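Source file: target13.cif (mmCIF, C-alpha atoms)
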data_data
#
loop_
_atom_site.label_atom_id
_atom_site.label_comp_id
_atom_site.auth_asym_id
_atom_site.auth_seq_id
_atom_site.Cartn_x
_atom_site.Cartn_y
_atom_site.Cartn_z
CA MET A 1 -47.02 -8.30 -55.01
CA ASP A 2 -48.29 -4.83 -55.27
CA ARG A 3 -46.99 -2.76 -52.48
CA PRO A 4 -48.36 0.68 -51.96
CA LEU A 5 -45.82 3.35 -52.39
CA ARG A 6 -44.97 4.74 -49.00
CA LEU A 7 -43.20 7.95 -48.34
CA ILE A 8 -41.41 7.59 -45.06
CA PRO A 9 -40.70 10.96 -43.52
CA THR A 10 -37.11 10.96 -42.35
CA GLU A 11 -34.85 13.61 -40.99
CA THR A 12 -33.12 14.91 -44.01
CA THR A 13 -29.41 14.34 -43.85
CA GLN A 14 -28.90 18.06 -44.36
CA SER A 15 -30.83 18.94 -41.19
CA ALA A 16 -29.00 16.27 -39.22
CA GLU A 17 -25.64 17.60 -40.36
CA LEU A 18 -26.62 21.17 -39.62
CA ALA A 19 -27.85 20.10 -36.18
CA ARG A 20 -24.43 18.63 -35.43
CA THR A 21 -22.79 21.93 -36.40
CA LEU A 22 -25.22 23.86 -34.23
CA GLU A 23 -24.44 21.61 -31.27
CA ALA A 24 -20.77 22.32 -31.78
CA LEU A 25 -21.30 26.07 -31.94
CA LEU A 26 -23.51 26.09 -28.84
CA VAL A 27 -21.04 24.05 -26.84
CA VAL A 28 -18.25 26.50 -27.60
CA ALA A 29 -20.35 29.62 -27.00
CA SER A 30 -20.36 31.22 -23.56
CA GLN A 31 -23.28 33.45 -24.50
CA PRO A 32 -26.55 32.78 -26.29
CA LEU A 33 -26.12 32.73 -30.06
CA SER A 34 -28.71 34.56 -32.11
CA LEU A 35 -30.36 33.10 -35.16
CA GLU A 36 -28.33 35.50 -37.31
CA GLU A 37 -25.07 34.35 -35.74
CA LEU A 38 -25.96 30.70 -36.29
CA GLN A 39 -26.93 31.45 -39.88
CA SER A 40 -23.70 33.20 -40.74
CA ALA A 41 -21.57 30.59 -38.95
CA CYS A 42 -23.27 27.73 -40.81
CA GLU A 43 -23.75 29.64 -44.04
CA ALA A 44 -27.35 28.47 -44.04
CA ASP A 45 -30.69 30.28 -44.31
CA ALA A 46 -33.16 30.82 -41.48
CA GLU A 47 -35.40 27.97 -42.53
CA GLU A 48 -32.59 25.42 -42.59
CA ILE A 49 -31.40 26.57 -39.19
CA GLY A 50 -34.98 26.39 -37.92
CA ASP A 51 -35.30 22.76 -39.05
CA ALA A 52 -32.01 21.83 -37.41
CA LEU A 53 -32.97 23.62 -34.18
CA GLU A 54 -36.19 21.64 -34.22
CA LEU A 55 -34.14 18.44 -33.96
CA LEU A 56 -32.05 19.91 -31.14
CA TRP A 57 -35.15 21.01 -29.17
CA LYS A 58 -36.22 17.38 -28.97
CA ARG A 59 -32.77 16.04 -28.23
CA TYR A 60 -32.02 18.61 -25.54
CA ALA A 61 -35.40 18.92 -23.83
CA GLU A 62 -35.49 18.98 -20.03
CA GLY A 63 -35.49 15.36 -18.85
CA SER A 64 -33.90 13.78 -21.89
CA SER A 65 -30.35 14.96 -21.47
CA GLY A 66 -28.01 16.56 -18.95
CA ILE A 67 -27.82 19.43 -21.38
CA VAL A 68 -30.91 21.55 -22.05
CA LEU A 69 -31.37 23.91 -24.98
CA GLU A 70 -33.04 27.18 -24.10
CA HIS A 71 -34.16 30.28 -25.94
CA VAL A 72 -32.95 33.18 -23.86
CA ALA A 73 -31.54 36.72 -24.17
CA GLY A 74 -32.37 36.89 -27.85
CA GLY A 75 -30.58 33.67 -28.74
CA PHE A 76 -30.05 29.98 -28.13
CA ALA A 77 -27.87 28.49 -25.42
CA PHE A 78 -27.14 25.30 -23.58
CA ARG A 79 -27.60 25.06 -19.84
CA ALA A 80 -27.36 22.25 -17.31
CA SER A 81 -30.51 20.25 -16.69
CA ALA A 82 -32.38 20.92 -13.46
CA ASP A 83 -31.64 17.44 -12.04
CA ALA A 84 -27.93 18.24 -12.19
CA ALA A 85 -28.44 21.37 -10.09
CA GLU A 86 -27.14 19.95 -6.82
CA ALA A 87 -23.97 18.61 -8.36
CA CYS A 88 -23.44 21.88 -10.21
CA ALA A 89 -23.98 23.87 -7.03
CA ARG A 90 -21.21 21.92 -5.28
CA LEU A 91 -18.73 22.95 -7.93
CA PHE A 92 -19.92 26.26 -9.37
CA GLU A 93 -21.12 29.61 -8.09
CA ARG A 94 -23.50 32.02 -9.68
CA PRO A 95 -21.81 35.38 -9.08
CA ALA A 96 -24.27 37.41 -11.14
CA GLU A 97 -27.29 36.69 -8.97
CA LYS A 98 -25.82 35.45 -5.70
CA GLY A 99 -27.17 37.46 -2.77
CA LEU A 100 -28.99 40.12 -4.78
CA SER A 101 -30.59 42.49 -2.27
CA GLN A 102 -34.12 43.85 -2.51
CA ALA A 103 -32.63 47.29 -3.29
CA ALA A 104 -30.59 45.78 -6.12
CA LEU A 105 -33.63 44.00 -7.55
CA GLU A 106 -35.73 47.17 -7.45
CA THR A 107 -32.93 49.11 -9.10
CA VAL A 108 -32.32 46.58 -11.86
CA ALA A 109 -36.10 46.45 -12.41
CA ILE A 110 -36.20 50.23 -12.87
CA VAL A 111 -33.27 50.04 -15.32
CA ALA A 112 -34.96 47.19 -17.22
CA TYR A 113 -38.22 49.13 -17.59
CA LEU A 114 -36.97 52.69 -18.01
CA GLY A 115 -33.44 52.15 -19.36
CA PRO A 116 -31.37 53.81 -20.45
CA VAL A 117 -31.81 55.69 -17.23
CA SER A 118 -29.44 57.79 -15.10
CA ARG A 119 -28.66 57.36 -11.40
CA PRO A 120 -30.52 60.54 -10.36
CA GLU A 121 -33.62 59.29 -12.16
CA ILE A 122 -33.43 55.93 -10.36
CA ALA A 123 -32.82 57.72 -7.05
CA ARG A 124 -35.90 59.88 -7.59
CA ILE A 125 -38.10 56.82 -7.98
CA ARG A 126 -36.57 54.84 -5.12
CA GLY A 127 -36.34 57.90 -2.86
CA VAL A 128 -32.78 57.08 -1.76
CA ASN A 129 -29.25 57.38 -3.05
CA VAL A 130 -28.53 54.46 -5.41
CA ASP A 131 -24.83 55.00 -6.21
CA GLY A 132 -23.64 51.92 -4.33
CA VAL A 133 -26.40 49.69 -5.64
CA VAL A 134 -25.78 50.76 -9.25
CA ALA A 135 -22.02 50.18 -8.88
CA GLY A 136 -22.75 46.68 -7.51
CA LEU A 137 -25.04 45.85 -10.45
CA VAL A 138 -22.41 47.03 -12.93
CA GLU A 139 -19.84 44.83 -11.21
CA ARG A 140 -22.16 41.83 -11.46
CA GLY A 141 -22.56 42.60 -15.15
CA LEU A 142 -26.36 42.91 -14.93
CA ILE A 143 -26.34 46.53 -16.07
CA ALA A 144 -23.85 48.56 -18.11
CA GLU A 145 -23.29 52.14 -19.11
CA GLY A 146 -25.22 53.11 -22.20
CA GLY A 147 -24.69 56.68 -23.30
CA ARG A 148 -25.22 59.92 -21.48
CA ASP A 149 -28.18 62.03 -20.53
CA ASN A 150 -28.70 64.74 -23.18
CA GLU A 151 -29.61 67.43 -20.71
CA PHE A 152 -27.14 67.04 -17.85
CA GLY A 153 -24.63 64.57 -19.25
CA ALA A 154 -25.29 62.00 -16.50
CA ILE A 155 -24.25 58.45 -17.35
CA ARG A 156 -27.24 56.32 -18.27
CA TYR A 157 -27.54 52.60 -17.63
CA ARG A 158 -29.25 49.76 -19.44
CA THR A 159 -29.55 46.07 -18.70
CA THR A 160 -27.14 43.60 -20.33
CA PRO A 161 -27.78 40.32 -22.19
CA LEU A 162 -26.53 38.65 -18.99
CA PHE A 163 -29.48 40.19 -17.14
CA GLU A 164 -31.89 38.54 -19.58
CA ARG A 165 -30.03 35.26 -19.23
CA VAL A 166 -29.96 35.26 -15.43
CA PHE A 167 -33.66 36.03 -15.25
CA GLY A 168 -34.52 33.68 -18.11
CA LEU A 169 -36.03 36.31 -20.41
CA GLU A 170 -36.13 35.87 -24.16
CA SER A 171 -35.84 39.66 -24.36
CA LEU A 172 -36.85 42.73 -22.33
CA ALA A 173 -40.23 42.44 -24.01
CA SER A 174 -40.86 39.33 -21.90
CA LEU A 175 -41.12 41.46 -18.75
CA PRO A 176 -44.68 41.91 -17.48
CA ARG A 177 -46.38 45.00 -18.89
CA VAL A 178 -46.03 48.13 -16.75
CA ASP A 179 -49.80 48.48 -16.61
CA ASP A 180 -50.03 45.09 -14.94
CA LEU A 181 -47.68 46.16 -12.18
CA GLY A 182 -48.84 47.89 -9.03
CA ALA A 183 -51.80 50.11 -8.52
CA ASP A 184 -52.33 53.18 -10.66
CA VAL A 185 -52.11 56.70 -9.31
CA GLY A 186 -55.85 57.13 -9.09
CA GLU A 187 -56.27 54.01 -7.03
CA ILE A 188 -53.56 54.92 -4.51
CA ARG A 189 -55.08 58.38 -4.23
CA GLU A 190 -58.49 56.90 -3.56
CA ARG A 191 -57.08 54.63 -0.91
CA LEU A 192 -55.35 57.54 0.83
CA GLU A 193 -58.59 59.49 0.81
CA ALA A 194 -60.64 56.52 1.94
CA VAL A 195 -58.39 56.22 4.99
CA ALA A 196 -58.87 59.92 5.64
CA GLU A 197 -62.66 59.58 5.39
CA LYS A 198 -62.70 56.70 7.86
CA ARG A 199 -60.60 58.61 10.36
CA THR A 200 -62.87 61.63 10.39
CA ALA A 201 -66.11 59.67 10.33
CA MET B 1 -45.36 44.49 5.76
CA THR B 2 -46.20 48.06 4.90
CA VAL B 3 -48.84 48.14 7.60
CA SER B 4 -46.20 48.90 10.15
CA VAL B 5 -45.51 52.28 8.56
CA HIS B 6 -49.15 53.29 8.64
CA GLU B 7 -49.62 52.07 12.17
CA LEU B 8 -46.60 53.97 13.43
CA GLU B 9 -47.84 55.86 16.49
CA LEU B 10 -46.61 59.43 16.69
CA ASP B 11 -46.52 61.75 19.66
CA LEU B 12 -45.41 65.13 18.33
CA ASP B 13 -45.95 68.69 19.56
CA ALA B 14 -48.50 69.40 16.86
CA PHE B 15 -49.96 65.97 16.38
CA GLN B 16 -50.66 62.77 18.19
CA GLY B 17 -51.86 59.64 16.41
CA PRO B 18 -50.90 57.15 13.73
CA PHE B 19 -48.73 58.07 10.78
CA ASP B 20 -51.39 57.42 8.16
CA LEU B 21 -53.73 59.86 9.90
CA LEU B 22 -50.99 62.49 9.79
CA LEU B 23 -50.61 61.76 6.09
CA SER B 24 -54.34 62.10 5.44
CA LEU B 25 -54.63 65.33 7.41
CA VAL B 26 -51.72 66.83 5.54
CA LEU B 27 -53.11 65.74 2.19
CA ARG B 28 -56.50 67.23 3.12
CA GLU B 29 -54.84 70.43 4.24
CA GLU B 30 -56.33 70.13 7.68
CA LEU B 31 -52.93 70.18 9.26
CA PRO B 32 -50.32 72.68 8.07
CA LEU B 33 -47.18 70.73 7.31
CA ARG B 34 -44.89 73.50 8.55
CA GLU B 35 -46.07 72.83 12.09
CA ILE B 36 -44.94 69.22 11.94
CA ASP B 37 -41.41 68.43 13.01
CA LEU B 38 -40.55 65.76 10.45
CA ALA B 39 -37.29 64.93 12.20
CA GLU B 40 -39.44 63.77 15.15
CA VAL B 41 -41.35 61.51 12.77
CA VAL B 42 -38.09 59.97 11.57
CA ILE B 43 -36.92 59.42 15.15
CA ALA B 44 -40.25 57.83 16.02
CA PHE B 45 -39.92 55.47 13.07
CA VAL B 46 -36.37 54.49 13.98
CA GLU B 47 -37.43 53.83 17.58
CA HIS B 48 -40.35 51.81 16.24
CA LEU B 49 -37.94 49.70 14.17
CA ASP B 50 -35.71 49.26 17.20
CA ARG B 51 -38.62 48.03 19.32
CA LYS B 52 -39.63 45.56 16.63
CA GLY B 53 -36.10 44.22 16.73
CA GLU B 54 -36.09 43.25 13.05
CA LEU B 55 -35.37 45.23 9.92
CA ASP B 56 -38.44 45.37 7.71
CA LEU B 57 -37.00 46.56 4.41
CA ASP B 58 -40.40 46.95 2.77
CA ALA B 59 -41.54 49.22 5.57
CA CYS B 60 -38.29 51.17 5.44
CA GLY B 61 -38.63 51.70 1.71
CA GLU B 62 -42.18 52.91 1.93
CA PHE B 63 -41.35 55.12 4.88
CA LEU B 64 -38.46 56.71 2.99
CA VAL B 65 -40.66 57.49 0.02
CA LEU B 66 -43.38 58.96 2.22
CA ILE B 67 -41.08 61.01 4.41
CA SER B 68 -39.15 62.39 1.45
CA ALA B 69 -42.39 63.35 -0.28
CA LEU B 70 -43.50 65.10 2.93
CA LEU B 71 -40.14 66.87 3.19
CA GLU B 72 -40.45 68.09 -0.36
CA LEU B 73 -44.00 69.35 0.24
CA LYS B 74 -42.84 71.06 3.40
CA ALA B 75 -39.88 72.68 1.67
CA ARG B 76 -42.17 74.00 -1.04
CA ALA B 77 -44.57 75.38 1.53
CA MET B 78 -41.76 77.16 3.37
CA PHE B 79 -40.35 78.87 0.31
CA PRO B 80 -43.43 79.76 -1.68
CA ASP B 81 -41.64 82.36 -3.81
CA GLU B 82 -38.48 80.40 -4.33
CA ASP B 83 -39.67 79.02 -7.60
CA ALA B 84 -42.80 80.33 -9.25
CA GLU B 85 -43.49 77.04 -10.95
CA LEU B 86 -43.26 75.01 -7.77
CA ALA B 87 -45.26 77.57 -5.86
CA GLU B 88 -48.03 77.13 -8.36
CA LEU B 89 -48.35 73.51 -7.29
CA GLU B 90 -51.71 73.43 -5.55
CA PRO B 91 -52.11 71.16 -2.52
CA GLU B 92 -54.38 69.13 -4.76
CA GLU B 93 -51.55 68.72 -7.28
CA ALA B 94 -49.01 68.07 -4.57
CA ALA B 95 -51.17 65.24 -3.28
CA GLU B 96 -51.46 63.95 -6.84
CA GLU B 97 -47.68 64.08 -7.15
CA LEU B 98 -47.29 62.17 -3.89
CA ALA B 99 -49.70 59.50 -5.07
CA ARG B 100 -47.96 59.35 -8.44
CA ARG B 101 -44.60 58.73 -6.81
CA LEU B 102 -46.01 56.08 -4.54
CA ALA B 103 -47.46 54.35 -7.58
CA GLU B 104 -44.16 54.61 -9.44
CA TYR B 105 -42.25 53.15 -6.51
CA ARG B 106 -44.81 50.40 -6.02
CA ARG B 107 -44.42 49.45 -9.67
CA ALA B 108 -40.66 49.16 -9.24
CA LYS B 109 -41.25 47.01 -6.19
CA GLU B 110 -43.59 44.67 -8.02
CA ALA B 111 -41.20 44.40 -10.94
CA ALA B 112 -38.51 43.47 -8.40
CA GLN B 113 -40.86 40.81 -7.03
CA PHE B 114 -41.31 39.40 -10.51
CA LEU B 115 -37.53 39.23 -10.95
CA ARG B 116 -37.11 37.60 -7.53
CA LYS B 117 -39.61 34.94 -8.61
CA ARG B 118 -37.73 34.34 -11.85
CA ILE B 119 -34.49 33.82 -9.92
CA GLU B 120 -36.23 31.32 -7.64
CA GLU B 121 -37.60 29.45 -10.63
CA ARG B 122 -34.19 29.30 -12.26
CA ARG B 123 -32.35 28.37 -9.07
CA THR B 124 -31.66 24.92 -10.50
CA PHE B 125 -30.40 26.14 -13.88
CA PHE B 126 -26.67 26.41 -14.36
CA PHE B 127 -25.07 27.78 -17.50
CA ARG B 128 -21.67 28.73 -18.77
CA LEU B 129 -20.60 32.28 -18.10
CA GLY B 130 -17.74 34.11 -19.62
CA PRO B 131 -16.57 36.61 -22.13
CA ALA B 132 -17.76 35.80 -25.61
CA PRO B 133 -15.11 34.23 -27.82
CA LEU B 134 -17.05 35.52 -30.80
CA ALA B 135 -15.44 36.69 -34.02
CA PRO B 136 -11.79 35.75 -34.35
CA LYS B 137 -9.58 38.56 -33.11
CA VAL B 138 -7.58 40.25 -35.79
CA GLU B 139 -4.00 39.17 -35.19
CA ARG B 140 -1.58 42.00 -35.16
CA SER B 141 1.34 41.12 -37.34
CA LEU B 142 4.55 42.49 -35.87
CA ALA B 143 7.61 43.31 -37.92
CA PRO B 144 10.71 41.23 -37.15
CA GLN B 145 11.99 42.37 -33.77
CA GLU B 146 15.62 43.43 -33.52
CA PRO B 147 17.07 45.11 -30.44
CA GLU B 148 19.33 47.30 -32.56
CA LYS B 149 16.34 48.73 -34.38
CA LEU B 150 14.62 49.46 -31.10
CA ALA B 151 17.75 51.18 -29.81
CA ALA B 152 18.00 53.21 -32.99
CA ALA B 153 14.36 54.23 -32.73
CA LEU B 154 14.84 55.20 -29.09
CA ARG B 155 17.97 57.15 -29.88
CA VAL B 156 16.02 59.25 -32.35
CA LEU B 157 13.37 59.87 -29.71
CA ALA B 158 15.95 60.72 -27.06
CA ILE B 159 17.36 63.64 -29.03
CA GLU B 160 16.21 66.92 -27.61
CA PRO B 161 13.98 68.50 -30.25
CA PRO B 162 15.15 71.89 -31.53
CA ALA B 163 13.57 74.79 -29.70
CA PRO B 164 10.75 76.11 -31.85
CA SER B 165 11.62 79.30 -33.62
CA LEU B 166 9.59 82.29 -32.54
CA ALA B 167 11.21 84.58 -35.06
CA HIS B 168 8.02 85.00 -37.02
CA MET B 169 6.16 85.96 -33.86
CA ALA B 170 8.18 89.06 -33.02
CA LEU B 171 7.33 92.37 -34.66
CA ARG B 172 10.73 93.80 -35.35
CA PHE B 173 10.49 97.56 -35.34
CA PRO B 174 13.44 99.26 -36.94
CA PRO B 175 14.16 102.51 -35.08
CA VAL B 176 12.38 105.57 -36.40
CA SER B 177 15.73 107.40 -36.36
CA GLN B 178 17.00 105.09 -39.10
CA PHE B 179 14.35 106.41 -41.48
CA LEU B 180 14.72 110.00 -40.26
CA GLU B 181 18.34 109.80 -41.41
CA ARG B 182 17.40 108.16 -44.67
CA TRP B 183 14.75 110.75 -45.59
CA ARG B 184 17.01 113.63 -44.60
CA SER B 185 19.91 112.39 -46.72
CA LEU B 186 17.56 111.73 -49.60
CA LEU B 187 16.17 115.27 -49.42
CA ARG B 188 19.72 116.64 -49.31
CA ARG B 189 20.24 115.08 -52.75
CA ARG B 190 16.76 115.61 -54.21
CA SER B 191 14.13 118.23 -53.51
CA ARG B 192 11.26 115.78 -53.67
CA PHE B 193 10.53 112.07 -53.76
CA ASP B 194 7.70 109.63 -53.98
CA PHE B 195 7.05 107.69 -50.72
CA ASP B 196 5.67 104.55 -52.32
CA GLN B 197 8.62 104.22 -54.62
CA GLU B 198 11.12 104.63 -51.83
CA VAL B 199 9.56 102.00 -49.55
CA GLU B 200 9.00 99.43 -52.24
CA GLY B 201 10.19 96.00 -51.11
CA LEU B 202 10.13 96.83 -47.40
CA SER B 203 8.03 94.88 -44.92
CA ARG B 204 4.74 96.27 -43.63
CA VAL B 205 6.30 97.08 -40.28
CA GLU B 206 9.19 98.90 -41.96
CA ILE B 207 6.77 100.85 -44.14
CA ALA B 208 4.84 101.86 -41.05
CA VAL B 209 8.01 103.03 -39.31
CA ALA B 210 9.11 104.88 -42.45
CA PHE B 211 5.76 106.66 -42.45
CA LEU B 212 6.15 107.55 -38.76
CA ALA B 213 9.50 109.11 -39.64
CA LEU B 214 7.75 111.22 -42.30
CA LEU B 215 5.23 112.46 -39.75
CA GLU B 216 8.07 113.29 -37.39
CA LEU B 217 9.83 115.33 -40.10
CA ARG B 218 6.59 117.06 -40.95
CA LYS B 219 6.10 117.93 -37.28
CA GLN B 220 9.53 119.50 -37.24
CA ASP B 221 8.60 121.46 -40.36
CA GLU B 222 11.39 119.93 -42.38
CA ILE B 223 9.19 118.57 -45.15
CA ALA B 224 5.89 119.05 -46.91
CA ILE B 225 3.59 116.15 -47.68
CA ALA B 226 1.06 116.06 -50.47
CA GLN B 227 -1.37 113.50 -51.71
CA ALA B 228 -3.72 114.25 -54.57
CA ALA B 229 -6.43 111.86 -53.50
CA PRO B 230 -6.92 109.02 -51.02
CA PHE B 231 -4.57 106.15 -51.98
CA ALA B 232 -2.80 108.33 -54.50
CA PRO B 233 1.02 108.45 -54.29
CA ILE B 234 2.33 110.44 -51.36
CA ARG B 235 4.80 113.06 -52.49
CA ILE B 236 7.38 114.50 -50.15
CA SER B 237 9.33 117.69 -50.75
CA ARG B 238 11.76 119.80 -48.77
CA ALA B 239 9.92 122.34 -46.66
CA ASP B 240 12.02 125.24 -47.90
CA ALA B 241 11.30 124.34 -51.52
CA GLU B 242 7.62 124.70 -50.89
CA ARG B 243 7.73 127.45 -48.35
CA SER B 244 6.50 130.00 -50.81
CA LEU B 245 3.52 127.92 -51.82
CA SER B 246 0.58 127.25 -49.65
CA TRP B 247 0.87 123.61 -48.92
CA THR B 248 -1.71 121.39 -47.49
CA VAL B 249 -1.65 117.94 -46.13
CA ARG B 250 -4.35 115.97 -47.67
CA SER B 251 -4.62 112.44 -46.71
CA ALA B 252 -7.16 109.74 -46.46
#

Please render this file's structure as structure tokens.
Amino acid sequence: MDRPLRLIPTETTQSAELARTLEALLVVASQPLSLEELQSACEADAEEIGDALELLWKRYAEGSSGIVLEHVAGGFAFRASADAAEACARLFERPAEKGLSQAALETVAIVAYLGPVSRPEIARIRGVNVDGVVAGLVERGLIAEGGRDNEFGAIRYRTTPLFERVFGLESLASLPRVDDLGADVGEIRERLEAVAEKRTA
Amino acid sequence: MTVSVHELELDLDAFQGPFDLLLSLVLREELPLREIDLAEVVIAFVEHLDRKGELDLDACGEFLVLISALLELKARAMFPDEDAELAELEPEEAAEELARRLAEYRRAKEAAQFLRKRIEERRTFFFRLGPAPLAPKVERSLAPQEPEKLAAALRVLAIEPPAPSLAHMALRFPPVSQFLERWRSLLRRRSRFDFDQEVEGLSRVEIAVAFLALLELRKQDEIAIAQAAPFAPIRISRADAERSLSWTVRSA
């Protein structure tokens, strides 16, 4: 009757309990909760929280529940699953991103990359006055005032955690690298000159 | 897309042809910018937009960047001495600057495209939005509220505060005549006295006035003043008592 000793890996009760607490915290939160916040709320260390989150990742993966756990804006948050989108759209609006113009997107992109940045600096890059666009972005909560320019005292703007959430970024570091965007100066210059060559040829 | 800006046909006094050719000629210094009426270029672009009947925002953006760069170049060319640093900008550098700005703007545009794509991808994601209920607010504990206490507090506030005293601000000068009289009567009783002793306990202003009175008496030849050394006691005597001696006024 010898039976080999078998160690059955089970979810430790501690992780399961912690996972329940995390669920509760995330359901109450209206903003992503950082690992530090979860730790201090649960009075647990990073590793314990990590194990509990592991359970939640599986439980709240896209497709398995109406609620999906996501890692966004430097923290963890619940969102509705994609298949519930139509129902959600009938009942809820998305004021932060609804009807964002091209000008607004360019401006918020400049703030995300160069922020904190002042209105005159944004205007110099975009070549037009940006006062109205900046005011609109502040109202949407995508950018906020963040200190003043040392030289002229102009108000400087930076993007908010809501910006990262709306655009699904874990942090600003998840934006594409500047070097991967657009052509470099030399290339544009060459193209201008190439056009000139062709014209005179 | 942006092609429409480059293909914009211009018919100006100094130039006829597409916009990108104008740009190249200016960059290559074959066409002096000051001869180009940039307002005409703007009008041509607006007419071009009107003919197309639709608003191409990409084209508008690129046009704005180009035309403002041209305007800046032109302004610099027209005021070469306005700013030594700007004047030093060689056409080569100006062209570099133009290209640099185009690149900077293009980068912003591509970043905007990336963000637009993210929004599209997340179109089906809904999440809760709202102010964070983080960290329990510290509850302000209020003392028991009684209307009488409020009334009493308001009554105290309603009392007109006393007008601030400015007494210490005014320099009160006693009249010189007062000291003239005092010195004269003193000298009627005594032939000489010591100034410092007599003014002891008086305020600085009074001492100054007392001294002015001395000078006045001296001017009228009624007294003689002597001081052995700077800061030494000032001795005053009746003029007639000293008349025989040669007196001198020695003072600091």

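In this model, the gap between CA of Ser177 in chain B and CA of Glu198 in chain B comes to 16.4 Å.
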
message: For this structure, which residues satisfy the selection - the PyMOL selection byres ((chain B) within 6 of (chain A)) - when it is evaluated on the file as given? I want them as a PyMOL selection string.
response: chain B and resi 24+65+99-100+103+105-109+111-112+118-119+124-130+132

Please, could you write that set of residues out with C-alpha atoms as a compact mmCIF listing (two decimals), keeping the file's coordinate frame?
# COMPACT_ATOMS: atom_id res chain seq x y z
CA SER B 24 -54.34 62.10 5.44
CA VAL B 65 -40.66 57.49 0.02
CA ALA B 99 -49.70 59.50 -5.07
CA ARG B 100 -47.96 59.35 -8.44
CA ALA B 103 -47.46 54.35 -7.58
CA TYR B 105 -42.25 53.15 -6.51
CA ARG B 106 -44.81 50.40 -6.02
CA ARG B 107 -44.42 49.45 -9.67
CA ALA B 108 -40.66 49.16 -9.24
CA LYS B 109 -41.25 47.01 -6.19
CA ALA B 111 -41.20 44.40 -10.94
CA ALA B 112 -38.51 43.47 -8.40
CA ARG B 118 -37.73 34.34 -11.85
CA ILE B 119 -34.49 33.82 -9.92
CA THR B 124 -31.66 24.92 -10.50
CA PHE B 125 -30.40 26.14 -13.88
CA PHE B 126 -26.67 26.41 -14.36
CA PHE B 127 -25.07 27.78 -17.50
CA ARG B 128 -21.67 28.73 -18.77
CA LEU B 129 -20.60 32.28 -18.10
CA GLY B 130 -17.74 34.11 -19.62
CA ALA B 132 -17.76 35.80 -25.61

Once you add 6 Å to each side, what are the centre and edge lengths of the axis-aligned box holding all listed atoms of range 27-40 of chain B? One decimal in Å, as lines of an AutoDock Vina configuration file, if you can.
center_x = -46.9
center_y = 68.6
center_z = 8.7
size_x = 31.2
size_y = 21.7
size_z = 25.0

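With distances taken over all atoms listed in the file, B:Leu115 is the one residue among B:Leu115, B:Val41, B:Ile223, B:Asp13 lying closest to Leu172 in chain A.
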
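A straight line drawn from CA of Leu25 in chain B to CA of Leu10 in chain B is 13.6 Å long.
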
- request: Give me, please, the distance in Å between CA of Leu180 in chain B and CA of Leu202 in chain B, quoted to one decimal.
  value: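 It comes out at 15.7 Å.
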
task: Convert the output of the PyMOL selection byres ((chain B and resi 204-212) around 10) on the shown file into explicit residues, formatted as a VMD selection string.
output: chain B and resid 171 to 180 182 to 183 195 to 196 198 to 203 213 to 218

query: Using all atoms listed in the file, which residue out of B:Leu102, B:Ala75, B:Ala226, B:Leu187 lies closest to Asp240 in chain B?
result: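 Closest to Asp240 in chain B, using all atoms listed in the file: B:Leu187.
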
- prompt: Quick one: which residues end up in the PyMOL selection byres ((chain B and resi 22) around 10) for this structure, as a list in words?
  reply: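 Against this file, the PyMOL selection byres ((chain B and resi 22) around 10) returns the residues Ala196 of chain A; His6, Glu9, Leu10, Phe15, Gln16, Gly17, Pro18, Phe19, Asp20, Leu21, Leu23, Ser24, Leu25, Val26, Leu27, Arg28, Glu30, Leu31, Leu33 and Ile36 of chain B.
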